>>> print(open('model.txt').read())   # compact mmCIF, C-alpha atoms
# COMPACT_ATOMS: atom_id res chain seq x y z
CA MET A 1 -57.80 -63.95 278.63
CA LYS A 2 -56.94 -60.30 279.05
CA THR A 3 -53.21 -60.94 278.65
CA HIS A 4 -53.78 -62.88 275.41
CA ARG A 5 -55.78 -59.98 273.93
CA SER A 6 -53.23 -57.33 274.84
CA ALA A 7 -50.42 -59.47 273.39
CA TRP A 8 -52.30 -59.71 270.10
CA LEU A 9 -52.91 -55.93 269.94
CA GLY A 10 -49.27 -55.15 270.63
CA ASP A 11 -47.98 -57.47 267.89
CA ARG A 12 -46.70 -55.44 264.86
CA ARG A 13 -45.26 -58.25 262.73
CA GLY A 14 -47.67 -58.03 259.74
CA LEU A 15 -48.14 -54.27 259.66
CA ALA A 16 -45.73 -53.52 256.78
CA ALA A 17 -47.32 -56.21 254.60
CA MET A 18 -50.78 -54.85 255.35
CA GLU A 19 -49.77 -51.27 254.50
CA PHE A 20 -48.19 -52.44 251.25
CA ALA A 21 -51.36 -54.36 250.33
CA LEU A 22 -53.39 -51.17 250.77
CA VAL A 23 -51.03 -48.85 248.88
CA ALA A 24 -49.79 -51.16 246.08
CA PRO A 25 -52.88 -50.93 243.79
CA ILE A 26 -52.78 -47.14 243.90
CA LEU A 27 -49.05 -47.08 243.13
CA LEU A 28 -49.47 -49.57 240.26
CA MET A 29 -52.24 -47.48 238.69
CA LEU A 30 -50.12 -44.34 239.03
CA PHE A 31 -47.08 -46.07 237.53
CA GLY A 32 -49.20 -47.52 234.69
CA GLY A 33 -50.53 -44.05 233.88
CA ILE A 34 -47.03 -42.61 233.76
CA VAL A 35 -45.85 -45.40 231.46
CA ASP A 36 -48.91 -45.02 229.18
CA PHE A 37 -48.38 -41.26 228.97
CA GLY A 38 -44.75 -41.79 227.98
CA LEU A 39 -45.70 -44.36 225.34
CA VAL A 40 -48.36 -42.03 223.89
CA MET A 41 -45.80 -39.22 223.61
CA SER A 42 -43.30 -41.61 222.01
CA SER A 43 -45.92 -42.83 219.51
CA LYS A 44 -46.84 -39.25 218.62
CA SER A 45 -43.18 -38.47 218.01
CA GLN A 46 -42.77 -41.59 215.83
CA LEU A 47 -45.87 -40.67 213.81
CA ALA A 48 -44.54 -37.13 213.31
CA ASN A 49 -41.25 -38.65 212.15
CA GLY A 50 -43.05 -40.68 209.46
CA ILE A 51 -44.99 -37.63 208.29
CA ALA A 52 -41.82 -35.53 208.19
CA GLN A 53 -40.12 -38.17 206.05
CA GLY A 54 -43.10 -38.14 203.67
CA ALA A 55 -43.05 -34.34 203.50
CA GLN A 56 -39.32 -34.27 202.77
CA PHE A 57 -39.76 -36.90 200.07
CA ALA A 58 -42.59 -34.92 198.43
CA LEU A 59 -40.58 -31.71 198.63
CA LEU A 60 -37.54 -33.30 197.00
CA ARG A 61 -39.55 -35.02 194.23
CA GLY A 62 -41.54 -31.88 193.36
CA PRO A 63 -44.93 -31.58 191.66
CA GLY A 64 -44.50 -34.90 189.84
CA VAL A 65 -44.70 -36.95 193.04
CA THR A 66 -47.55 -39.46 193.35
CA THR A 67 -49.77 -39.97 196.37
CA ALA A 68 -48.93 -43.68 196.52
CA LEU A 69 -45.21 -42.98 196.84
CA VAL A 70 -45.70 -40.39 199.59
CA LYS A 71 -48.09 -42.69 201.47
CA GLY A 72 -45.56 -45.52 201.28
CA VAL A 73 -42.78 -43.29 202.63
CA VAL A 74 -44.97 -42.12 205.53
CA GLN A 75 -45.92 -45.67 206.48
CA SER A 76 -42.40 -47.04 206.16
CA GLY A 77 -40.97 -44.08 208.11
CA ALA A 78 -43.40 -44.67 210.95
CA ALA A 79 -42.78 -48.43 210.78
CA ARG A 80 -39.02 -47.92 211.14
CA ALA A 81 -39.78 -45.88 214.23
CA GLY A 82 -41.73 -48.79 215.74
CA LEU A 83 -45.40 -48.27 214.82
CA ALA A 84 -45.43 -51.07 212.21
CA ALA A 85 -48.33 -51.36 209.75
CA THR A 86 -50.95 -49.84 212.05
CA VAL A 87 -50.44 -46.31 210.68
CA THR A 88 -53.21 -45.05 208.40
CA ALA A 89 -51.87 -42.41 206.00
CA THR A 90 -53.88 -40.12 203.73
CA VAL A 91 -52.27 -37.99 201.03
CA THR A 92 -54.16 -35.26 199.16
CA GLY A 93 -52.53 -33.80 196.11
CA PRO A 94 -50.40 -32.68 194.53
CA ALA A 95 -52.97 -30.09 193.56
CA CYS A 96 -53.14 -26.36 192.92
CA PHE A 97 -54.42 -24.28 195.79
CA CYS A 98 -54.63 -20.64 196.76
CA VAL A 99 -53.78 -19.60 200.29
CA SER A 100 -56.43 -17.31 201.74
CA GLY A 101 -58.51 -16.48 204.77
CA GLN A 102 -57.91 -15.90 208.42
CA PRO A 103 -56.89 -18.47 209.70
CA VAL A 104 -55.03 -19.43 206.56
CA ALA A 105 -56.71 -22.14 204.51
CA LEU A 106 -56.08 -23.79 201.16
CA VAL A 107 -58.74 -22.93 198.60
CA ASN A 108 -58.95 -24.73 195.26
CA PRO A 109 -59.21 -21.97 192.61
CA SER A 110 -60.88 -24.29 190.09
CA THR A 111 -61.08 -27.99 189.36
CA ALA A 112 -59.43 -27.42 185.98
CA LEU A 113 -56.30 -26.10 187.69
CA SER A 114 -56.12 -28.94 190.20
CA THR A 115 -56.38 -31.68 187.58
CA THR A 116 -53.87 -30.27 185.10
CA LEU A 117 -51.31 -29.11 187.70
CA LYS A 118 -50.46 -26.08 185.58
CA CYS A 119 -51.22 -23.54 188.36
CA ALA A 120 -51.68 -20.66 185.92
CA GLY A 121 -53.42 -17.37 186.52
CA THR A 122 -53.94 -15.64 189.83
CA CYS A 123 -55.85 -16.41 192.99
CA PRO A 124 -59.12 -14.52 193.41
CA GLY A 125 -58.87 -11.59 195.80
CA THR A 126 -55.09 -11.74 196.27
CA GLY A 127 -53.62 -11.53 192.79
CA VAL A 128 -50.97 -14.10 193.75
CA ALA A 129 -50.29 -17.17 191.62
CA PRO A 130 -51.62 -20.45 193.07
CA GLY A 131 -49.13 -23.03 194.33
CA THR A 132 -48.88 -26.80 194.19
CA TYR A 133 -49.48 -28.37 197.60
CA VAL A 134 -49.56 -31.84 199.15
CA VAL A 135 -51.48 -32.45 202.36
CA ILE A 136 -50.25 -35.47 204.35
CA SER A 137 -52.28 -36.83 207.28
CA ALA A 138 -51.66 -39.93 209.35
CA SER A 139 -53.25 -41.54 212.39
CA TYR A 140 -52.40 -44.34 214.77
CA VAL A 141 -54.60 -46.12 217.34
CA TYR A 142 -52.68 -46.52 220.59
CA GLN A 143 -53.47 -49.56 222.74
CA PRO A 144 -52.84 -48.61 226.39
CA LEU A 145 -51.15 -50.92 228.86
CA MET A 146 -53.78 -50.23 231.50
CA PRO A 147 -57.23 -51.19 230.17
CA LEU A 148 -58.95 -48.67 232.45
CA TYR A 149 -57.19 -45.76 230.74
CA SER A 150 -58.68 -46.63 227.35
CA ARG A 151 -62.08 -45.65 228.76
CA LEU A 152 -60.84 -42.37 230.21
CA ALA A 153 -59.02 -40.83 227.23
CA THR A 154 -58.94 -41.01 223.48
CA THR A 155 -56.37 -43.38 222.07
CA THR A 156 -56.18 -42.17 218.47
CA ILE A 157 -53.07 -40.17 217.69
CA SER A 158 -53.12 -38.10 214.51
CA ASP A 159 -50.97 -35.51 212.81
CA SER A 160 -50.88 -33.70 209.48
CA ILE A 161 -48.68 -31.41 207.44
CA THR A 162 -49.10 -29.28 204.33
CA VAL A 163 -46.16 -28.96 201.94
CA ARG A 164 -45.80 -26.50 199.08
CA LEU A 165 -43.96 -28.12 196.20
CA GLN A 166 -41.56 -26.07 194.10
>>> encode(input="model.txt", output="structure tokens")
Amino acid sequence: MKTHRSAWLGDRRGLAAMEFALVAPILLMLFGGIVDFGLVMSSKSQLANGIAQGAQFALLRGPGVTTALVKGVVQSGAARAGLAATVTATVTGPACFCVSGQPVALVNPSTALSTTLKCAGTCPGTGVAPGTYVVISASYVYQPLMPLYSRLATTTISDSITVRLQ
């Protein structure tokens, strides 16, 4: 009986499989986190690409650009980058604003200026003429590969840009 027991304790044939079974879940979670992080960064870059295309379009079209056109360019730019129709874009403007404050903020000098787009007069406190601006914002809800990570971190990616039209 004693020889049978010592033969069983000295047998090492299943040790590598047992070690792998203990370490594999940890390695898979670590690998899944790395992949999710990379996909989040890629999605953020693709969203920024769509917003940049919308900003360039608005800048080239000038003050006569419409919000619907800019929104369409942002969504199609992000869709070409791989985010499809899940991008939610919001476009404010074109409208007249004054730049003021610390940190810098856009302040609407009057509703009459913002509706007529004539941007006449001067901004209060600065004496500088108001400018025509478009504010483009977009967001995307990222679905992680690892379901556990969706509970640990936020999965909404958003970005915005403000463009002064000439």
>>> residues_around(input="model.txt", residues="Gly33 of chain A", least_positions_apart="3", cutoff="8 Å", atoms="all atoms listed in the file", output="JSON list (two decimals) with C-alpha atoms, in the coordinates of the input")
[["chain", "number", "residue", "atom", "x", "y", "z"],
["A", 29, "MET", "CA", -52.24, -47.48, 238.69],
["A", 30, "LEU", "CA", -50.12, -44.34, 239.03],
["A", 36, "ASP", "CA", -48.91, -45.02, 229.18],
["A", 37, "PHE", "CA", -48.38, -41.26, 228.97],
["A", 146, "MET", "CA", -53.78, -50.23, 231.50],
["A", 149, "TYR", "CA", -57.19, -45.76, 230.74]]
>>> residues_around(input="model.txt", residues="Val74 of chain A", least_positions_apart="5", cutoff="7 Å", atoms="all atoms listed in the file", output="list in words")
Gly50, Ile51, Gln53, Gly54 and Ala89 of chain A
>>> atom_distance(input="model.txt", atom1="atom CA of Val91 of chain A", atom2="atom CA of Ser160 of chain A")
9.6 Å
>>> residues_around(input="model.txt", residues="Ile34 of chain A", least_positions_apart="6", cutoff="12 Å", atoms="all atoms listed in the file", output="PyMOL selection string")
chain A and resi 27-28+40-41+144-146+149
>>> write_last_selection(input="model.txt", atoms="C-alpha atoms", output="CSV table (one decimal), in the coordinates of the input")
chain,number,residue,atom,x,y,z
A,27,LEU,CA,-49.0,-47.1,243.1
A,28,LEU,CA,-49.5,-49.6,240.3
A,40,VAL,CA,-48.4,-42.0,223.9
A,41,MET,CA,-45.8,-39.2,223.6
A,144,PRO,CA,-52.8,-48.6,226.4
A,145,LEU,CA,-51.2,-50.9,228.9
A,146,MET,CA,-53.8,-50.2,231.5
A,149,TYR,CA,-57.2,-45.8,230.7
>>> residues_near_point(input="model.txt", point="(-50.0, -17.3, 191.3)", cutoff="12 Å", atoms="all atoms listed in the file", output="ChimeraX atom specification")
/A:96-99,109,113,118-132
>>> closest_atom_pairs(input="model.txt", of="segment 119-164 of chain A", to="segment 61-67 of chain A", cutoff="9 Å", atoms="only C-alpha atoms", output="JSON lines")
{"residue": "A:Thr132", "atom": "CA", "partner": "A:Pro63", "partner_atom": "CA", "distance": 6.7}
{"residue": "A:Tyr133", "atom": "CA", "partner": "A:Pro63", "partner_atom": "CA", "distance": 8.1}
{"residue": "A:Val134", "atom": "CA", "partner": "A:Thr67", "partner_atom": "CA", "distance": 8.6}
{"residue": "A:Arg164", "atom": "CA", "partner": "A:Gly62", "partner_atom": "CA", "distance": 8.9}
>>> closest_residue(input="model.txt", among="A:Ile161, A:Ala68, A:Val23, A:Thr156", to="Tyr140 of chain A", atoms="only C-alpha atoms")
A:Thr156
>>> closest_residue(input="model.txt", among="A:Ala52, A:Ile136, A:Leu47, A:Leu69", to="Ile157 of chain A", atoms="all atoms listed in the file")
A:Leu47
>>> atom_distance(input="model.txt", atom1="atom CA of Ser45 of chain A", atom2="atom CA of Val73 of chain A")
16.1 Å
>>> closest_residue(input="model.txt", among="A:Gly77, A:Gly72, A:Pro94, A:Gly38", to="Tyr142 of chain A", atoms="only C-alpha atoms")
A:Gly38
>>> atom_distance(input="model.txt", atom1="atom CA of Thr88 of chain A", atom2="atom CA of Gln143 of chain A")
15.0 Å
